[in-house]
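Data block below; observations after.
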Amino acid sequence: MNHNLLTVSSSPHILGSMTVRSMHLELMVALLPALLTGVYFFGLPAAITVAIAVVAAVAAEWAACKIAKLPNRIDDLHSLTMGLMMGLVLPPGAPWWLPLIGSVLAVVLGKMIFGGLGAYPMNPVIIAWAALSISWPEQMNAFLAPVPIGSGGEWETATTFLMDLKDDVGLVMDPELGPLWWGNTPGAIGATGAWALIVGGLYLVIRGIVPWQIPLGTLLGAAAMALLASYIDPGVIEVELEGFAAHLDVVWLHLGTGGLMIAAFFLAPEPVSSPVTPWGMIIYGLGIGLMAVIVRFWGTMVDGVFYGVLLMNAVTPLLDRIRPRVLGKVMSSA
Amino acid sequence: MSFTSCFKGIKRARPPEPTGPVVLKPPEKVFLPLRQHRGQTCEPVVEVGQDVAMGQVVGSSDEFESAAVLASVSGRVEGLVEMPDPSGQLIPTLIIANDGQDTWQDPPQAVVTSAEEVTAKRPTRLLKPIRQAGLVRAAIQGLPLHVDLSPPMAPRSYLFMTGMPVTRQVDTLVVKAVDPDPPICPNHACLKLGGPELEIGILALARIAGATEVIVVHPAGAELGEMAEMAKNHLWNLSAVSPTKYPFTTDNLLIHHLTGREVPTPYGEPRDVGVVIEPLQTALEVGTLLLGGRPSLERVFSVAGDVANPQTFRVRLGTPVSQVLAAAGGPTAGVAKAVLGGPMMGYAHYDLDTPVTKETEGLFIQCDSNLVHYEDHPCIHCGRCVRACPVNLIPSELGKLCEFKHFDKAMEMDLFHCIECGVCAYVCPARRPMVHLLRHGKTELLAGRMEE
C-alpha cells in the first residue's frame, strides 16, 4: 500500500487563469485609454478628481468591512475599479468633496449594504452618480472646456454638446464629429473620448470579460433610435436635413457624445447587475440604447444613458428568465 | 458545428500527437476487480490457491448487464480482497501472481478470417464471442459491450410506459478516434495500431448494431495511417473535429454535431436516436477477438500531466497504476493528485495502487505546484459559465441554488441535464467549485427519491 496522502476533489482538476482580481486588473487596463484621454484634455483637475474617487472608494470599502466585521476583500480590486469608474463619470475640476461623497455612496450604499460583490441589484457607480446629480446638479453640470496638455490655455467652464443640443436642435446640421469622437469637447472625464473607450471595450470583448451582446445591443439600440428620431422629431424636421447621410450624421453624433460609450462598454456590462443569457443581454443593451436617445430628444434631462442602465438593471432578474433551450431536453426525456 | 456552439465550451491547448502505444511488461501481480463495467458485480468462480491460465474466466455473473472477468496473466490466485476500484469504491478483487509463462487456456479460435466474412455472418454469431470474452466499452462507466450493442429493443423501462416494447432502429455507427478529455488520448493513439483488426472490428460493430452508415471521427490534423484507405474502401465517412475545443468530443455533443440529433438527457442514450457510438479502442478489441480468436487482455492507457515522459502504453488489465506511472518515468515532483481519466472529468483517486481496468482510460498526475484550489467566493453573476455551458444551462444559478439547498428549485432549472463537463468551473473567475455544487444537488435529490 502506498501511504502518500493524495488530494481528492471533484473535477475539474485544472482551472482557467482568470480570477476576480485579474478580471478587475484587465478592466482597469481597458479604462486606461479613456483615463489618459481625459487627463490629456482636462489636465490636473481631472487627475485630482479621479485620484480622490479611487482613494475614497478603497478607504470606504476597508472601513465598511471593518465596521461590519466582514472578511476584507480589497485585494480583489473591485473597489479600486469602482473608484476609477466613479471618477471617470464626474466632470473634471469638480469640488473635492464631490468624488469623495460619490465613491463613498457607491461603495457603501451601492455595494456593501447589499452584501458586497455579487449581491447588489444595480450598478453602484451609477447609483452614486444619480444621487450626486440629483443632489448637486450645479456642481455636476459644471464642465470645463478642454485644454490639451501643453497648449497653455486657461480653465473655463463650458457646456457640453448635449446641453447645447437641448437648447438648439439646429446643431444637428453639419456637426463637427471629429472633436466629439476624439474627446476634444467639454464633458465628463472618461466619457468624452469615444475612440479610447472603444479601444478599451474591444479589448474586453476579445478577452471575454465583456459579452459582445451588451455593447452591441446598446449601440444598435441607440443608433436605431437616433435614426428614427431624426425623421420624426418635430425639431429636427424643421431643420430639414437633406439626404440619408445627414440623418446618419445624427446617429454618429449621438453615439459619440455623452456617456453612451462608457455605458455601453463599461457600465452596462458590469457583471453583477447585468443579465447572463444571450437574448437577455441583447434586450438589455437595446433597452439602454433606446432609453438614452429617447431622453436626449424628449426628456427633461440632458443625457438618459445612465438612467437607462439603472432602469434595465431593475429589469435584469426578468431578463434572466429568457433562457436558451437546454440541449438534450426533448420530449422523450420528460 | 452550429453557429452558436462556436462560442460555447473552452479552448484548450492542443495535445501533442501521441506516439503508438508502448507494450508494458506484465506485472508480478495483477489485481482484477470483479466489476469492471457499469452493472452487476461478478461472482468469483476460482478458488484461492488455484492455478489459472490467461483468458480463463475468473469471475462471472448470470445477470445480463455484466461482463465476465478474465485472468490477464497465467499464475496462481493469491487472494480475494476488497480493494478500491478506479471509481474509489471497494470491490472484491482477485489477486493473481504472475508465473511469467503467459500460457493461454485455449488455442485461438478465429471467428472470421476476412472482411467479407463479417458481412456474411449472422450478427448473433458475432455477438456471442464478445459476450463470452467479457468485452466492455472502453470508457468511464462503460456498459458491457454486448449490452451496448445487442438487442435494438429497449431494455429500459421508461420506454415501456405504454406497455409496448419500442424497437429502436439503429442506423449510424460512430467510431471515435477522438478523446473526450485530452491529454489522455488512448483512442487517438489507437489510430497508430491500424491493421486488419481495426477494419474487421468496425465492420463487425456496424453489422451487430445494424448500422448502415459508419462515421469515423478523428482529431483534425491527425495522421490517419491505414484508416484513410479503409474508409475509402468501405465508404465510411471520415469526419475531423477540433481536438482543442472542449467538451465537444463527449458522446452526446459529438452525436449532435455529426448527425444533428439530440440524445435525450438525463435518462436517454445514443441508441434512442439511432446511433451507436464506440471508442476506437473497442473496435480494435472486437477485431482482435474475432480475427485472432483470443480476447484482448490489455488496455491502452495514457499517462500525462507532471510526469517525466507522458506516454501511452498497452497495459495488462489489473496492473497497478503506480507501475504504469513508474514506466512513464515517474512524477516530476511529489504526486499531489492522481486523477484517473483526464484533467477535466477525471476522478481524483486516493490510492495509486488501484488497478488498470476495462473502464480506465488514463492517469493524469499533478504535483503540488500545479494543484488548483477552489475558493469560497460568492458568485459574481458575470455569466461566463452561461456563455461556456455546452448544454445551455445557467450554471451560476444552479450553483447558488444547490449551495443553499434549494434542490427542488434547481431540478426545475434542469439540473439533471448537466453533463458535468466542468467547463463552468474552469471559466469561473470566482473559482467556485461548480461541478462539486451541482453534483451535491444531484446526489441529494436522488437520495431524497430513494427515501420516497
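Each chain of the C-alpha cells is named A, B, ... in the order shown, its residues numbered from 1; ligands are numbered from 1 in display order.
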Taking only residues of chain A that have an atom at most 7 Å from an atom of chain B, what is each one's shortest atom pair and its distance in Å to one decimal, using only C-alpha atoms, in chain and number order, as CSV?
residue,atom,partner,partner_atom,distance
A:Met1,CA,B:Asp353,CA,6.8
A:Asn2,CA,B:Leu352,CA,6.7
A:Leu6,CA,B:Ala336,CA,5.3
A:Thr7,CA,B:Lys337,CA,5.1
A:Val8,CA,B:Ala348,CA,5.0
A:Ser9,CA,B:Ala348,CA,6.1
A:Ser10,CA,B:His436,CA,5.5
A:Ser11,CA,B:Met345,CA,5.5
A:Pro12,CA,B:Met344,CA,4.2
A:His13,CA,B:Pro343,CA,5.1
A:Ile14,CA,B:Pro343,CA,6.1
A:Leu15,CA,B:Tyr426,CA,4.4
A:Gly16,CA,B:Tyr426,CA,5.0
A:Met18,CA,B:Pro429,CA,5.1
A:Thr19,CA,B:Pro429,CA,4.0
A:Val20,CA,B:Pro429,CA,5.0
A:Leu117,CA,B:Ile380,CA,6.3
A:Gly118,CA,B:Ile380,CA,3.9
A:Pro271,CA,B:Cys382,CA,4.2
A:Val272,CA,B:His381,CA,4.9
A:Val276,CA,B:Gly383,CA,4.7
A:Thr277,CA,B:Val386,CA,6.7
A:Pro324,CA,B:Asn392,CA,6.1
A:Arg325,CA,B:Asn392,CA,6.6
A:Val326,CA,B:Asn392,CA,5.0
A:Leu327,CA,B:Val391,CA,4.7
A:Gly328,CA,B:Pro264,CA,4.5
A:Lys329,CA,B:Pro264,CA,5.9
A:Val330,CA,B:Pro264,CA,5.8
A:Ser332,CA,B:Pro264,CA,6.7
A:Ser333,CA,B:Pro264,CA,5.2
Take the residues that were just selected and, keeping N, CA, C and O atoms, output them as a tab-separated table (two decimals), in the first residue's frame.
chain	number	residue	atom	x	y	z
A	1	MET	N	0.83	-1.21	0.00
A	1	MET	CA	0.00	0.00	0.00
A	1	MET	C	0.86	1.26	0.00
A	1	MET	O	1.88	1.33	0.68
A	2	ASN	N	0.44	2.17	-0.76
A	2	ASN	CA	1.15	3.43	-0.84
A	2	ASN	C	0.56	4.39	0.19
A	2	ASN	O	-0.63	4.62	0.20
A	6	LEU	N	-2.80	11.59	-0.94
A	6	LEU	CA	-3.16	12.22	-2.20
A	6	LEU	C	-4.37	13.11	-1.99
A	6	LEU	O	-5.23	12.82	-1.17
A	7	THR	N	-4.41	14.19	-2.74
A	7	THR	CA	-5.54	15.10	-2.65
A	7	THR	C	-6.69	14.54	-3.47
A	7	THR	O	-6.49	14.10	-4.60
A	8	VAL	N	-7.88	14.55	-2.92
A	8	VAL	CA	-9.05	14.20	-3.72
A	8	VAL	C	-9.97	15.41	-3.76
A	8	VAL	O	-10.11	16.14	-2.79
A	9	SER	N	-10.60	15.59	-4.91
A	9	SER	CA	-11.56	16.67	-5.04
A	9	SER	C	-12.43	16.36	-6.23
A	9	SER	O	-12.15	15.45	-7.00
A	10	SER	N	-13.50	17.13	-6.36
A	10	SER	CA	-14.36	16.97	-7.51
A	10	SER	C	-13.63	17.52	-8.73
A	10	SER	O	-12.77	18.39	-8.60
A	11	SER	N	-13.97	16.98	-9.91
A	11	SER	CA	-13.37	17.53	-11.13
A	11	SER	C	-13.94	18.94	-11.36
A	11	SER	O	-14.97	19.27	-10.78
A	12	PRO	N	-13.41	19.77	-12.20
A	12	PRO	CA	-12.17	19.59	-12.95
A	12	PRO	C	-10.93	19.86	-12.09
A	12	PRO	O	-11.02	20.53	-11.07
A	13	HIS	N	-9.82	19.32	-12.55
A	13	HIS	CA	-8.60	19.44	-11.77
A	13	HIS	C	-7.67	20.52	-12.31
A	13	HIS	O	-6.57	20.71	-11.82
A	14	ILE	N	-8.12	21.18	-13.38
A	14	ILE	CA	-7.38	22.35	-13.85
A	14	ILE	C	-8.39	23.48	-13.98
A	14	ILE	O	-9.57	23.24	-14.22
A	15	LEU	N	-7.93	24.70	-13.77
A	15	LEU	CA	-8.84	25.84	-13.87
A	15	LEU	C	-8.26	26.87	-14.83
A	15	LEU	O	-7.05	26.90	-15.08
A	16	GLY	N	-9.13	27.68	-15.38
A	16	GLY	CA	-8.68	28.76	-16.25
A	16	GLY	C	-7.89	29.78	-15.46
A	16	GLY	O	-7.86	29.76	-14.23
A	18	MET	N	-8.35	33.00	-15.24
A	18	MET	CA	-8.99	34.24	-14.80
A	18	MET	C	-9.50	34.16	-13.36
A	18	MET	O	-10.14	33.20	-12.97
A	19	THR	N	-9.18	35.20	-12.59
A	19	THR	CA	-9.72	35.32	-11.24
A	19	THR	C	-10.44	36.66	-11.15
A	19	THR	O	-10.35	37.48	-12.07
A	20	VAL	N	-11.14	36.87	-10.05
A	20	VAL	CA	-11.83	38.15	-9.88
A	20	VAL	C	-10.81	39.29	-9.93
A	20	VAL	O	-11.03	40.33	-10.54
A	117	LEU	N	-19.62	42.33	-3.26
A	117	LEU	CA	-19.53	41.94	-4.66
A	117	LEU	C	-20.40	40.72	-4.94
A	117	LEU	O	-20.32	39.72	-4.25
A	118	GLY	N	-21.22	40.83	-5.94
A	118	GLY	CA	-22.04	39.68	-6.33
A	118	GLY	C	-23.46	39.76	-5.85
A	118	GLY	O	-24.31	39.00	-6.28
A	271	PRO	N	-20.68	43.08	-14.40
A	271	PRO	CA	-21.14	41.69	-14.29
A	271	PRO	C	-22.33	41.47	-13.35
A	271	PRO	O	-23.27	40.77	-13.71
A	272	VAL	N	-22.28	42.06	-12.17
A	272	VAL	CA	-23.25	41.68	-11.16
A	272	VAL	C	-24.67	42.07	-11.53
A	272	VAL	O	-25.62	41.33	-11.30
A	276	VAL	N	-27.46	37.41	-17.84
A	276	VAL	CA	-26.43	36.45	-18.25
A	276	VAL	C	-26.79	35.66	-19.51
A	276	VAL	O	-25.93	35.07	-20.12
A	277	THR	N	-28.07	35.63	-19.88
A	277	THR	CA	-28.43	34.81	-21.04
A	277	THR	C	-28.28	35.63	-22.32
A	277	THR	O	-28.47	36.84	-22.30
A	324	PRO	N	-31.98	30.06	-23.02
A	324	PRO	CA	-31.87	29.24	-24.22
A	324	PRO	C	-32.39	27.83	-23.92
A	324	PRO	O	-32.45	27.42	-22.76
A	325	ARG	N	-32.79	27.11	-24.98
A	325	ARG	CA	-33.30	25.76	-24.78
A	325	ARG	C	-32.15	24.84	-24.37
A	325	ARG	O	-31.06	24.88	-24.94
A	326	VAL	N	-32.41	24.02	-23.37
A	326	VAL	CA	-31.37	23.12	-22.88
A	326	VAL	C	-31.18	21.99	-23.88
A	326	VAL	O	-32.15	21.37	-24.32
A	327	LEU	N	-29.93	21.75	-24.23
A	327	LEU	CA	-29.62	20.69	-25.19
A	327	LEU	C	-29.93	19.32	-24.56
A	327	LEU	O	-29.48	19.04	-23.46
A	328	GLY	N	-30.67	18.52	-25.23
A	328	GLY	CA	-31.00	17.20	-24.71
A	328	GLY	C	-32.32	17.18	-23.99
A	328	GLY	O	-32.77	16.12	-23.57
A	329	LYS	N	-32.93	18.35	-23.83
A	329	LYS	CA	-34.24	18.36	-23.19
A	329	LYS	C	-35.30	18.22	-24.28
A	329	LYS	O	-35.78	19.20	-24.84
A	330	VAL	N	-35.57	16.99	-24.65
A	330	VAL	CA	-36.53	16.73	-25.72
A	330	VAL	C	-37.69	15.96	-25.13
A	330	VAL	O	-37.64	15.49	-24.00
A	332	SER	N	-38.95	12.99	-25.28
A	332	SER	CA	-38.88	11.65	-24.71
A	332	SER	C	-38.08	11.60	-23.42
A	332	SER	O	-38.01	10.56	-22.78
A	333	SER	N	-37.46	12.72	-23.03
A	333	SER	CA	-36.66	12.68	-21.81
A	333	SER	C	-37.47	13.13	-20.60
A	333	SER	O	-36.94	13.20	-19.50
Non-local contacts of Glu278 of chain B (8 Å; only C-alpha atoms; under 6 positions in same chain excluded) as an mmCIF file with C-alpha atoms, in the first residue's frame:
data_model
loop_
_atom_site.group_PDB
_atom_site.id
_atom_site.type_symbol
_atom_site.label_atom_id
_atom_site.label_comp_id
_atom_site.auth_asym_id
_atom_site.auth_seq_id
_atom_site.Cartn_x
_atom_site.Cartn_y
_atom_site.Cartn_z
ATOM 1 C CA ARG B 137 -16.938 -0.361 -23.821
ATOM 2 C CA LEU B 173 -22.306 3.795 -36.045
ATOM 3 C CA VAL B 174 -19.910 6.446 -34.797
ATOM 4 C CA VAL B 175 -16.388 5.252 -34.143
ATOM 5 C CA LYS B 176 -14.432 7.862 -32.289
#
Practice item. Using only C-alpha atoms, determine which residues lie at most 8 Å from Trp279 of chain A, disregarding the query and same-chain residues fewer than 3 positions distant; provide the list as a PyMOL selection string. Key: chain A and resi 282-283+322-323
**Study point:** Nearest residue to Phe301 of chain B from the set B:Gln50, B:Thr319, B:Gln89, B:Ser66 (distances using only C-alpha atoms)
**Key:**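 Of B:Gln50, B:Thr319, B:Gln89, B:Ser66, the one nearest Phe301 of chain B, counting only C-alpha atoms, is B:Thr319.
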Exercise for review: Tell me, as a VMD selection string, which residues lie within 8 Å of segment 70-82 of chain B, counting only C-alpha atoms; anything in the same chain fewer than 2 positions away does not count.
Suggested key: chain B and resid 26 30 32 46 to 59 68 84 90 to 104 133 to 134 297 to 298 316 to 318
Check your understanding: How many Å separate atom CA of Ser274 of chain A from atom CA of Gly256 of chain A?
Key ->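 So the answer is 22.8 Å.
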